[in-house]
file my_file.cif (mmCIF, C-alpha atoms)
data_upload
#
loop_
_atom_site.label_atom_id
_atom_site.label_comp_id
_atom_site.auth_asym_id
_atom_site.auth_seq_id
_atom_site.Cartn_x
_atom_site.Cartn_y
_atom_site.Cartn_z
CA MET A 14 94.17 119.57 98.16
CA LEU A 15 97.14 117.50 97.01
CA SER A 16 98.49 117.89 93.49
CA ILE A 17 101.05 115.41 92.20
CA VAL A 18 103.12 115.93 89.07
CA ILE A 19 104.92 112.91 87.67
CA ALA A 20 107.64 115.00 86.10
CA ASP A 21 110.10 114.37 83.28
CA SER A 22 108.16 111.19 82.55
CA GLU A 23 109.83 109.14 79.86
CA ILE A 24 106.82 109.13 77.55
CA GLU A 25 107.25 110.06 73.88
CA LEU A 26 106.49 108.88 70.37
CA VAL A 27 109.32 107.10 68.53
CA PRO A 28 111.81 109.85 67.63
CA ASP A 29 112.86 110.45 64.00
CA GLU A 30 116.43 109.20 64.55
CA ILE A 31 115.27 105.61 64.99
CA ALA A 32 111.89 105.62 63.21
CA GLY A 33 113.53 103.88 60.24
CA HIS A 34 115.07 101.05 62.27
CA ALA A 35 113.89 97.65 61.07
CA ALA A 36 112.65 96.51 64.50
CA ILE A 37 110.66 99.72 65.01
CA ARG A 38 109.16 99.49 61.51
CA ARG A 39 108.16 95.86 62.06
CA LYS A 40 106.45 96.66 65.36
CA ALA A 41 104.62 99.64 63.80
CA LYS A 42 103.50 97.61 60.79
CA ARG A 43 102.12 94.87 63.05
CA ARG A 44 100.07 97.54 64.78
CA GLY A 45 99.01 99.22 61.53
CA LYS A 46 100.50 102.62 62.42
CA PRO A 47 103.38 104.74 61.08
CA PRO A 48 106.46 104.31 63.35
CA ALA A 49 106.32 107.98 64.40
CA GLU A 50 102.81 107.42 65.78
CA THR A 51 103.86 104.58 68.10
CA LEU A 52 105.09 105.00 71.63
CA LEU A 53 108.76 104.52 72.44
CA ASP A 54 108.91 101.48 74.73
CA SER A 55 112.21 100.35 76.20
CA ASN A 56 110.81 96.86 76.66
CA MET A 57 110.34 96.42 72.90
CA ASP A 58 112.76 98.97 71.46
CA HIS A 59 115.90 98.52 73.55
CA VAL A 60 118.15 97.65 70.59
CA PRO A 61 117.38 100.73 68.43
CA MET A 62 117.28 102.87 71.58
CA ARG A 63 121.02 102.34 72.07
CA ARG A 64 121.48 105.03 69.42
CA LEU A 65 119.54 107.62 71.43
CA VAL A 66 120.88 110.19 73.86
CA ASP A 67 119.64 109.06 77.30
CA GLY A 68 118.74 105.74 75.67
CA ASP A 69 119.14 104.02 79.04
CA ARG A 70 116.24 105.92 80.63
CA ARG A 71 113.81 106.76 77.83
CA GLY A 72 110.73 104.85 76.69
CA ARG A 73 109.21 104.10 80.11
CA PRO A 74 105.44 104.74 79.91
CA ASP A 75 104.99 101.84 82.34
CA ILE A 76 106.16 104.05 85.21
CA ALA A 77 103.47 106.71 84.75
CA HIS A 78 100.90 103.97 84.06
CA LEU A 79 101.53 102.29 87.39
CA CYS A 80 101.58 105.64 89.22
CA LEU A 81 98.26 106.59 87.66
CA LEU A 82 96.60 103.26 88.45
CA VAL A 83 97.63 103.66 92.06
CA ALA A 84 96.78 107.37 92.31
CA LEU A 85 93.43 107.44 90.50
CA ASP A 86 92.00 104.54 92.50
CA SER A 87 93.26 105.87 95.83
CA ILE A 88 90.80 106.96 98.49
CA SER A 89 92.27 110.50 98.31
CA SER A 90 91.38 110.69 94.63
CA ARG A 91 87.90 109.27 95.22
CA GLU A 92 87.37 111.88 97.94
CA GLY A 93 88.33 114.69 95.54
CA ASP A 94 91.54 115.53 97.44
CA LEU A 95 94.04 114.52 94.74
CA LEU A 96 94.84 115.76 91.24
CA VAL A 97 97.45 114.02 89.10
CA TYR A 98 99.43 115.45 86.22
CA VAL A 99 101.98 113.78 83.97
CA HIS A 100 104.72 115.98 82.56
CA THR A 101 106.90 114.44 79.83
CA ARG A 102 110.46 115.00 78.65
CA GLU A 103 109.05 116.95 75.70
CA ASP A 104 107.04 119.30 77.93
CA VAL A 105 103.65 117.80 77.30
CA ILE A 106 101.28 118.02 80.27
CA LEU A 107 98.59 115.38 80.62
CA THR A 108 95.94 116.18 83.22
CA PHE A 109 93.91 113.26 84.50
CA ASP A 110 90.36 113.81 85.67
CA PRO A 111 89.89 111.97 88.99
CA GLY A 112 87.07 110.02 87.32
CA THR A 113 89.37 108.57 84.65
CA ARG A 114 89.24 104.78 84.62
CA LEU A 115 92.51 103.82 83.00
CA PRO A 116 92.97 100.49 81.23
CA ARG A 117 94.97 98.17 83.44
CA VAL A 118 96.44 96.46 80.38
CA GLN A 119 99.64 98.29 79.44
CA GLY A 120 99.12 98.02 75.67
CA ARG A 121 95.70 99.64 75.87
CA PHE A 122 97.00 102.52 77.95
CA TYR A 123 99.85 103.00 75.48
CA GLY A 124 97.29 103.12 72.66
CA ILE A 125 95.52 106.02 74.39
CA LEU A 126 98.81 107.88 74.84
CA GLU A 127 99.68 107.35 71.17
CA LYS A 128 96.38 108.83 70.10
CA ILE A 129 96.75 111.88 72.36
CA LEU A 130 100.40 112.55 71.52
CA THR A 131 99.87 112.08 67.77
CA SER A 132 96.77 114.28 67.56
CA GLU A 133 98.06 116.74 70.20
CA THR A 134 94.52 116.69 71.57
CA GLY A 135 93.18 115.41 74.86
CA THR A 136 90.08 113.33 75.54
CA ASP A 137 87.03 114.04 77.71
CA LEU A 138 88.95 112.96 80.79
CA ILE A 139 92.60 113.49 79.87
CA GLY A 140 93.74 117.05 79.17
CA TYR A 141 96.62 117.79 76.76
CA ASP A 142 98.79 120.94 76.97
CA LYS A 143 102.21 121.99 75.75
CA MET A 144 103.82 123.51 78.82
CA ASN A 145 107.02 123.11 80.79
CA LEU A 146 107.17 122.17 84.45
CA ALA A 147 107.69 125.78 85.55
CA GLY A 148 104.51 126.81 83.73
CA LEU A 149 102.55 123.97 85.29
CA CYS A 150 103.74 124.86 88.81
CA LEU A 151 102.64 128.45 88.23
CA LYS A 152 99.25 127.25 87.00
CA ILE A 153 98.73 124.90 89.96
CA ALA A 154 99.77 127.71 92.36
CA PRO A 155 100.08 125.60 95.53
CA ASP A 156 100.90 126.78 99.05
CA ILE A 157 104.03 124.64 99.07
CA THR A 158 105.93 122.67 96.42
CA LEU A 159 107.92 119.63 97.50
CA ALA A 160 110.20 117.82 95.07
CA LEU A 161 110.99 114.22 95.94
CA THR A 162 114.43 112.91 95.04
CA PRO A 163 116.93 110.53 96.69
CA SER A 164 119.48 113.39 96.74
CA GLY A 165 117.14 115.66 98.75
CA LYS A 166 117.20 116.39 102.45
CA ARG A 167 115.92 113.52 104.62
CA SER A 168 112.70 114.80 106.11
CA SER A 169 109.23 113.83 107.25
CA LEU A 170 106.77 114.47 104.43
CA ALA A 171 103.85 114.84 106.85
CA GLU A 172 105.73 117.53 108.79
CA GLU A 173 106.62 119.44 105.62
CA MET A 174 102.97 119.33 104.50
CA SER A 175 101.51 120.22 107.86
CA GLY A 176 99.54 123.48 107.94
CA LYS A 177 99.57 123.83 104.14
CA GLU A 178 96.19 123.84 102.41
CA HIS A 179 97.31 123.01 98.86
CA VAL A 180 100.42 120.85 98.55
CA LEU A 181 102.16 120.14 95.24
CA SER A 182 104.53 117.16 95.11
CA ILE A 183 106.86 116.59 92.18
CA ILE A 184 107.86 112.97 91.61
CA GLY A 185 110.25 111.73 88.93
CA GLY A 186 108.64 109.66 86.16
CA PHE A 187 111.96 108.20 84.99
CA PRO A 188 113.87 105.05 85.99
CA ARG A 189 117.32 106.51 86.81
CA GLY A 190 119.37 109.69 86.88
CA GLU A 191 118.20 113.12 87.91
CA PHE A 192 115.33 115.42 86.94
CA LYS A 193 115.84 117.20 83.58
CA SER A 194 113.59 120.06 84.69
CA PRO A 195 114.98 122.60 87.20
CA VAL A 196 113.02 121.20 90.16
CA GLU A 197 115.36 122.66 92.76
CA SER A 198 114.46 126.18 91.68
CA LEU A 199 110.75 125.34 91.35
CA ALA A 200 110.33 123.62 94.72
CA ASP A 201 110.27 125.13 98.20
CA ALA A 202 112.06 122.03 99.44
CA THR A 203 113.80 119.06 97.83
CA ILE A 204 113.15 116.05 99.99
CA SER A 205 114.14 112.43 100.31
CA CYS A 206 111.61 110.21 102.07
CA TYR A 207 113.82 107.11 102.35
CA PRO A 208 117.57 106.44 102.50
CA ASP A 209 117.42 104.30 99.35
CA SER A 210 116.14 105.07 95.86
CA LEU A 211 112.43 104.12 95.45
CA ASN A 212 110.23 103.46 92.45
CA ALA A 213 107.97 106.35 91.47
CA TRP A 214 104.75 104.62 92.58
CA THR A 215 106.22 103.94 96.02
CA VAL A 216 107.15 107.62 96.40
CA LEU A 217 103.65 108.50 95.23
CA ASN A 218 102.14 106.27 97.91
CA GLU A 219 104.32 107.88 100.57
CA VAL A 220 103.17 111.31 99.41
CA VAL A 221 99.48 110.40 99.34
CA PHE A 222 99.46 108.78 102.77
CA SER A 223 101.66 111.46 104.35
CA TYR A 224 99.25 114.08 103.06
CA ARG A 225 96.32 112.26 104.66
CA ASN A 226 98.23 111.94 107.94
CA SER A 227 99.09 115.65 107.88
CA ARG A 228 95.42 116.75 107.80
CA MET B 11 105.16 91.73 111.09
CA LEU B 12 102.43 92.17 108.49
CA SER B 13 101.45 89.24 106.27
CA ILE B 14 99.16 89.84 103.33
CA VAL B 15 97.42 87.10 101.37
CA ILE B 16 95.93 88.05 98.02
CA ALA B 17 93.29 85.35 98.22
CA ASP B 18 91.17 83.59 95.59
CA SER B 19 93.34 85.29 92.97
CA GLU B 20 92.06 84.63 89.48
CA ILE B 21 95.30 83.09 88.24
CA GLU B 22 95.24 79.75 86.43
CA LEU B 23 96.41 77.97 83.30
CA VAL B 24 93.89 77.72 80.44
CA PRO B 25 91.40 75.06 81.60
CA ASP B 26 90.72 71.96 79.49
CA GLU B 27 87.17 73.03 78.56
CA ILE B 28 88.44 75.83 76.35
CA ALA B 29 91.99 74.68 75.50
CA GLY B 30 90.76 73.59 72.07
CA HIS B 31 89.15 76.93 71.18
CA ALA B 32 90.62 78.43 68.01
CA ALA B 33 91.54 81.77 69.61
CA ILE B 34 93.30 80.06 72.53
CA ARG B 35 95.16 77.70 70.18
CA ARG B 36 96.28 80.61 67.98
CA LYS B 37 97.60 82.57 70.96
CA ALA B 38 99.43 79.52 72.31
CA LYS B 39 100.94 78.73 68.90
CA ARG B 40 102.23 82.29 68.55
CA ARG B 41 103.96 81.86 71.91
CA GLY B 42 105.28 78.38 71.07
CA LYS B 43 103.52 76.68 74.00
CA PRO B 44 100.71 74.12 74.35
CA PRO B 45 97.43 75.93 75.23
CA ALA B 46 97.27 74.22 78.63
CA GLU B 47 100.64 75.79 79.53
CA THR B 48 99.49 79.36 78.88
CA LEU B 49 97.86 81.61 81.44
CA LEU B 50 94.15 82.35 81.25
CA ASP B 51 93.90 86.09 80.52
CA SER B 52 90.51 87.78 80.31
CA ASN B 53 92.03 90.55 78.22
CA MET B 54 92.91 88.10 75.42
CA ASP B 55 90.55 85.20 76.08
CA HIS B 56 87.23 86.89 76.80
CA VAL B 57 85.36 85.19 73.95
CA PRO B 58 86.22 81.56 74.84
CA MET B 59 85.87 82.45 78.53
CA ARG B 60 82.14 82.98 78.08
CA ARG B 61 81.86 79.19 78.22
CA LEU B 62 83.42 78.99 81.67
CA VAL B 63 81.71 78.99 85.05
CA ASP B 64 82.63 82.34 86.66
CA GLY B 65 83.85 83.44 83.23
CA ASP B 66 83.18 87.07 84.18
CA ARG B 67 85.77 87.06 86.96
CA ARG B 68 88.46 84.54 85.96
CA GLY B 69 91.74 85.17 84.12
CA ARG B 70 92.91 88.26 86.02
CA PRO B 71 96.63 87.84 86.76
CA ASP B 72 96.96 91.63 86.30
CA ILE B 73 95.38 92.18 89.74
CA ALA B 74 97.97 90.16 91.66
CA HIS B 75 100.73 91.64 89.46
CA LEU B 76 99.83 95.18 90.40
CA CYS B 77 99.42 94.27 94.08
CA LEU B 78 102.84 92.62 94.09
CA LEU B 79 104.56 95.54 92.34
CA VAL B 80 103.13 97.88 94.97
CA ALA B 81 103.77 95.59 97.94
CA LEU B 82 107.29 94.36 97.14
CA ASP B 83 108.62 97.88 96.50
CA SER B 84 106.96 99.36 99.59
CA ILE B 85 109.06 100.68 102.43
CA SER B 86 107.46 98.08 104.74
CA SER B 87 108.72 95.29 102.50
CA ARG B 88 112.18 96.85 102.24
CA GLU B 89 112.29 97.09 106.04
CA GLY B 90 111.47 93.39 106.39
CA ASP B 91 108.04 94.05 107.93
CA LEU B 92 105.88 92.65 105.12
CA LEU B 93 105.41 89.20 103.60
CA VAL B 94 103.12 88.69 100.60
CA TYR B 95 101.42 85.51 99.50
CA VAL B 96 99.20 84.87 96.49
CA HIS B 97 96.52 82.21 96.87
CA THR B 98 94.73 81.14 93.68
CA ARG B 99 91.29 79.73 92.90
CA GLU B 100 92.92 76.32 92.52
CA ASP B 101 94.56 76.46 95.96
CA VAL B 102 98.06 77.17 94.79
CA ILE B 103 100.09 79.31 97.20
CA LEU B 104 102.85 81.49 95.77
CA THR B 105 105.17 82.96 98.41
CA PHE B 106 107.19 85.99 97.33
CA ASP B 107 110.56 86.64 98.91
CA PRO B 108 110.74 90.35 99.84
CA GLY B 109 113.82 90.58 97.59
CA THR B 110 111.89 89.49 94.48
CA ARG B 111 112.21 92.05 91.69
CA LEU B 112 109.18 91.35 89.55
CA PRO B 113 109.09 92.28 85.86
CA ARG B 114 106.96 95.38 85.41
CA VAL B 115 105.91 94.21 81.96
CA GLN B 116 102.75 92.15 82.31
CA GLY B 117 103.68 89.58 79.65
CA ARG B 118 106.98 88.78 81.35
CA PHE B 119 105.33 88.32 84.72
CA TYR B 120 102.74 86.04 83.12
CA GLY B 121 105.58 84.00 81.59
CA ILE B 122 107.03 83.39 85.06
CA LEU B 123 103.61 82.31 86.37
CA GLU B 124 103.16 79.93 83.43
CA LYS B 125 106.49 78.29 84.14
CA ILE B 126 105.73 77.88 87.86
CA LEU B 127 102.16 76.63 87.40
CA THR B 128 103.12 74.23 84.60
CA SER B 129 106.12 72.74 86.42
CA GLU B 130 104.42 72.94 89.83
CA THR B 131 107.80 74.14 91.11
CA GLY B 132 108.84 77.49 92.52
CA THR B 133 111.93 79.55 91.79
CA ASP B 134 114.70 80.78 94.10
CA LEU B 135 112.50 83.70 95.15
CA ILE B 136 108.94 82.50 94.54
CA GLY B 137 107.74 79.52 96.55
CA TYR B 138 105.10 77.10 95.19
CA ASP B 139 102.78 75.03 97.40
CA LYS B 140 99.46 73.27 97.00
CA MET B 141 97.47 74.42 100.01
CA ASN B 142 94.10 75.97 100.69
CA LEU B 143 93.60 79.31 102.43
CA ALA B 144 92.80 77.64 105.76
CA GLY B 145 96.11 75.76 105.63
CA LEU B 146 98.00 78.92 104.81
CA CYS B 147 96.41 80.83 107.70
CA LEU B 148 97.40 78.03 110.06
CA LYS B 149 100.96 78.09 108.73
CA ILE B 150 101.26 81.89 109.04
CA ALA B 151 99.85 81.70 112.61
CA PRO B 152 99.29 85.45 113.13
CA ASP B 153 98.05 87.18 116.27
CA ILE B 154 95.04 88.49 114.38
CA THR B 155 93.53 87.80 110.96
CA LEU B 156 91.57 90.56 109.23
CA ALA B 157 89.65 89.90 106.02
CA LEU B 158 88.94 92.95 103.88
CA THR B 159 85.69 93.02 101.95
CA PRO B 160 83.13 95.69 101.06
CA SER B 161 80.47 93.69 102.92
CA GLY B 162 82.48 93.74 106.17
CA LYS B 163 81.98 95.95 109.19
CA ARG B 164 83.18 99.55 108.69
CA SER B 165 86.15 99.94 110.96
CA SER B 166 89.53 101.60 111.36
CA LEU B 167 92.23 99.20 110.22
CA ALA B 168 94.86 100.87 112.42
CA GLU B 169 92.66 100.37 115.51
CA GLU B 170 92.02 96.71 114.68
CA MET B 171 95.76 96.14 114.24
CA SER B 172 96.83 98.06 117.31
CA GLY B 173 98.62 96.00 119.96
CA LYS B 174 98.95 92.97 117.68
CA GLU B 175 102.49 91.87 116.88
CA HIS B 176 101.81 89.76 113.77
CA VAL B 177 98.86 90.85 111.64
CA LEU B 178 97.51 88.84 108.70
CA SER B 179 95.31 90.63 106.19
CA ILE B 180 93.34 88.75 103.55
CA ILE B 181 92.57 90.75 100.40
CA GLY B 182 90.56 89.50 97.42
CA GLY B 183 92.54 88.95 94.22
CA PHE B 184 89.44 88.93 92.01
CA PRO B 185 87.58 91.69 90.18
CA ARG B 186 84.02 91.15 91.42
CA GLY B 187 81.82 88.97 93.59
CA GLU B 188 82.71 87.43 96.92
CA PHE B 189 85.55 85.30 98.26
CA LYS B 190 85.31 81.62 97.27
CA SER B 191 87.30 80.61 100.35
CA PRO B 192 85.55 80.66 103.76
CA VAL B 193 87.24 83.88 104.92
CA GLU B 194 84.56 84.66 107.49
CA SER B 195 85.41 81.53 109.45
CA LEU B 196 89.17 82.03 109.01
CA ALA B 197 89.31 85.69 110.05
CA ASP B 198 88.90 87.23 113.50
CA ALA B 199 87.14 90.16 111.86
CA THR B 200 85.73 90.91 108.42
CA ILE B 201 86.30 94.57 107.71
CA SER B 202 85.44 97.20 105.16
CA CYS B 203 87.87 100.14 104.98
CA TYR B 204 85.78 102.33 102.65
CA PRO B 205 82.05 102.71 101.86
CA ASP B 206 82.66 101.84 98.19
CA SER B 207 84.27 98.82 96.55
CA LEU B 208 88.03 99.34 95.99
CA ASN B 209 90.58 97.70 93.73
CA ALA B 210 92.79 95.12 95.43
CA TRP B 211 95.95 97.27 95.25
CA THR B 212 94.16 100.18 96.91
CA VAL B 213 93.04 97.94 99.75
CA LEU B 214 96.59 96.64 99.99
CA ASN B 215 97.91 100.20 100.31
CA GLU B 216 95.37 100.95 103.04
CA VAL B 217 96.47 97.84 104.92
CA VAL B 218 100.19 98.58 104.58
CA PHE B 219 99.92 102.20 105.70
CA SER B 220 97.44 101.43 108.49
CA TYR B 221 99.85 98.82 109.80
CA ARG B 222 102.67 101.35 109.86
CA ASN B 223 100.44 103.89 111.62
CA SER B 224 99.43 101.32 114.22
CA ARG B 225 103.04 100.68 115.36
#
call {"tool": "encode", "arguments": {"input": "my_file.cif", "output": "structure tokens"}}
result
Amino acid sequence: MLSIVIADSEIELVPDEIAGHAAIRRKAKRRGKPPAETLLDSNMDHVPMRRLVDGDRRGRPDIAHLCLLVALDSISSREGDLLVYVHTREDVILTFDPGTRLPRVQGRFYGILEKILTSETGTDLIGYDKMNLAGLCLKIAPDITLALTPSGKRSSLAEEMSGKEHVLSIIGGFPRGEFKSPVESLADATISCYPDSLNAWTVLNEVVFSYRNSR
Amino acid sequence: MLSIVIADSEIELVPDEIAGHAAIRRKAKRRGKPPAETLLDSNMDHVPMRRLVDGDRRGRPDIAHLCLLVALDSISSREGDLLVYVHTREDVILTFDPGTRLPRVQGRFYGILEKILTSETGTDLIGYDKMNLAGLCLKIAPDITLALTPSGKRSSLAEEMSGKEHVLSIIGGFPRGEFKSPVESLADATISCYPDSLNAWTVLNEVVFSYRNSR
């Protein structure tokens, strides 16, 4: 079994500090929702986001969306070998049933996230929990935990996974910077799979195919 | 070298038959463009699209977008081993330079396509040609051409690719049905890589990783 956590994902509702900003209010009104029930989206909200701490990395639900589209349709997921979790900067855990058919249109996926985050309740196929990354790792209880980061040790993923029944890989769901969660203390190894920085979905693909090659 | 053509992609400008439809005109007006210069998008245009031949499969630029995001960020592309082409139902060929950094936001990508298809001119990084799939295959001149389709022969991609220097894989850029182009006569083998029908980006991943494994 391969478990993948897309960790410290930059997915959150519009925070209070900027919920009153004119651009945010306009966007919310157009969608018929209170600002605090809409998703922070750097593509739309980059001007008000300048006021936020970490404003240059937040509001990136597109990253997890793309990772999930790739992961949930993969052959490993169809074969029942892959489970995917999204962990957010606010320690929300979203657990995706392998049978989840996500909308490919970004806006529709964001609408689902808004509903889940606002109600703090999952759906039939998407679980919702409040839990930090350490708690999730304990719950998954893998045989080995590998964190993927450009600053890790250059290593072959397939070799690291070899001989391990249940592998957990932690991938960053943010566009730049480092993990916020203490991945180094949670992982058995912190690994880089390429000399250059890669997008999250490319790392995810490397993990999925290395796992298959290591069986 | 691996070349991938996302063939018969359902990417086109709004066709004349439905350019006068109220919903299409409204959408175009909101974007400040004539209807015939906007992209057909099944997500927005599904009602007027009922009038079109093949209306249940057209207007799917999201498929090529996702394939390109996955392909252009892949390690194979970064290493200079992968070239990606998009062929459309109207025999337009878009050639993507491996250095192209595509917008992840769907609407922005669609805006680029609208500009290219309307002007019939490429950009610095995206080439535009009028050519059918047969012409493109001749131009690419690979050592072997493999077409991927659920109705093909079940086979190992890595084995088919083994020993071939330049491999061309043809993947369908449409959501259902069969290729419109005569892929069976263009390909050396028509192959299925999984017993079930897969999304285009999953097939693309299988092709990319099988190619790497076959080296």
call {"tool": "closest_atom_pairs", "arguments": {"input": "my_file.cif", "of": "chain A", "to": "chain B", "cutoff": "10 Å", "atoms": "all atoms listed in the file", "output": "Markdown table"}}
result
| residue | atom | partner | partner_atom | distance |
| --- | --- | --- | --- | --- |
| A:Asn56 | CA | B:Val115 | CA | 7.7 |
| A:Asp75 | CA | B:Arg114 | CA | 7.4 |
| A:Ile76 | CA | B:Arg114 | CA | 8.7 |
| A:Leu79 | CA | B:Leu76 | CA | 7.9 |
| A:Cys80 | CA | B:Val80 | CA | 9.8 |
| A:Leu82 | CA | B:Leu76 | CA | 8.9 |
| A:Val83 | CA | B:Thr212 | CA | 6.9 |
| A:Ala84 | CA | B:Thr212 | CA | 8.9 |
| A:Leu85 | CA | B:Thr212 | CA | 9.7 |
| A:Asp86 | CA | B:Thr212 | CA | 6.6 |
| A:Ser87 | CA | B:Thr212 | CA | 5.9 |
| A:Ile88 | CA | B:Thr212 | CA | 7.7 |
| A:Arg91 | CA | B:Asp206 | CA | 9.6 |
| A:Arg117 | CA | B:Asp72 | CA | 7.4 |
| A:Val118 | CA | B:Asp72 | CA | 7.7 |
| A:Gln119 | CA | B:Gln116 | CA | 7.5 |
| A:Gly120 | CA | B:Gln116 | CA | 9.6 |
| A:Cys206 | CA | B:Ile85 | CA | 9.9 |
| A:Tyr207 | CA | B:Ile85 | CA | 8.0 |
| A:Asp209 | CA | B:Arg88 | CA | 9.6 |
| A:Leu211 | CA | B:Asp83 | CA | 7.4 |
| A:Asn212 | CA | B:Asp83 | CA | 7.1 |
| A:Ala213 | CA | B:Asp83 | CA | 9.9 |
| A:Trp214 | CA | B:Val80 | CA | 7.3 |
| A:Thr215 | CA | B:Ser84 | CA | 5.9 |
| A:Val216 | CA | B:Ser84 | CA | 8.9 |
| A:Asn218 | CA | B:Asn215 | CA | 7.8 |
| A:Glu219 | CA | B:Ile85 | CA | 8.8 |
| A:Phe222 | CA | B:Phe219 | CA | 7.2 |
| A:Ser223 | CA | B:Phe219 | CA | 9.5 |
| A:Asn226 | CA | B:Asn223 | CA | 9.1 |
call {"tool": "closest_residue", "arguments": {"input": "my_file.cif", "among": "A:Gly176, A:Gly93, A:Pro195, A:Gly112", "to": "Gly148 (chain A)", "atoms": "all atoms listed in the file"}}
result
A:Pro195
call {"tool": "resolve_selection", "arguments": {"input": "my_file.cif", "expression": "the PyMOL selection byres ((chain B and resi 157) around 8)", "output": "list of chain:residue names"}}
result
B:Thr155, B:Leu156, B:Leu158, B:Thr159, B:Ser179, B:Ile180, B:Ile181, B:Val193, B:Glu194, B:Ala197, B:Asp198, B:Ala199, B:Thr200, B:Ile201
call {"tool": "write_last_selection", "arguments": {"input": "my_file.cif", "atoms": "C-alpha atoms", "output": "short mmCIF file (atom, residue, chain, number, x, y, z; two decimals), in the coordinates of the input"}}
result
data_model
loop_
_atom_site.label_atom_id
_atom_site.label_comp_id
_atom_site.auth_asym_id
_atom_site.auth_seq_id
_atom_site.Cartn_x
_atom_site.Cartn_y
_atom_site.Cartn_z
CA THR B 155 93.53 87.80 110.96
CA LEU B 156 91.57 90.56 109.23
CA LEU B 158 88.94 92.95 103.88
CA THR B 159 85.69 93.02 101.95
CA SER B 179 95.31 90.63 106.19
CA ILE B 180 93.34 88.75 103.55
CA ILE B 181 92.57 90.75 100.40
CA VAL B 193 87.24 83.88 104.92
CA GLU B 194 84.56 84.66 107.49
CA ALA B 197 89.31 85.69 110.05
CA ASP B 198 88.90 87.23 113.50
CA ALA B 199 87.14 90.16 111.86
CA THR B 200 85.73 90.91 108.42
CA ILE B 201 86.30 94.57 107.71
#
call {"tool": "atom_distance", "arguments": {"input": "my_file.cif", "atom1": "CA of Arg63 (chain A)", "atom2": "CA of Arg189 (chain A)"}}
result
15.8 Å
call {"tool": "atom_distance", "arguments": {"input": "my_file.cif", "atom1": "CA of Arg70 (chain A)", "atom2": "CA of Met57 (chain A)"}}
result
13.6 Å
call {"tool": "atom_distance", "arguments": {"input": "my_file.cif", "atom1": "CA of Ser172 (chain B)", "atom2": "CA of Ser224 (chain B)"}}
result
5.2 Å
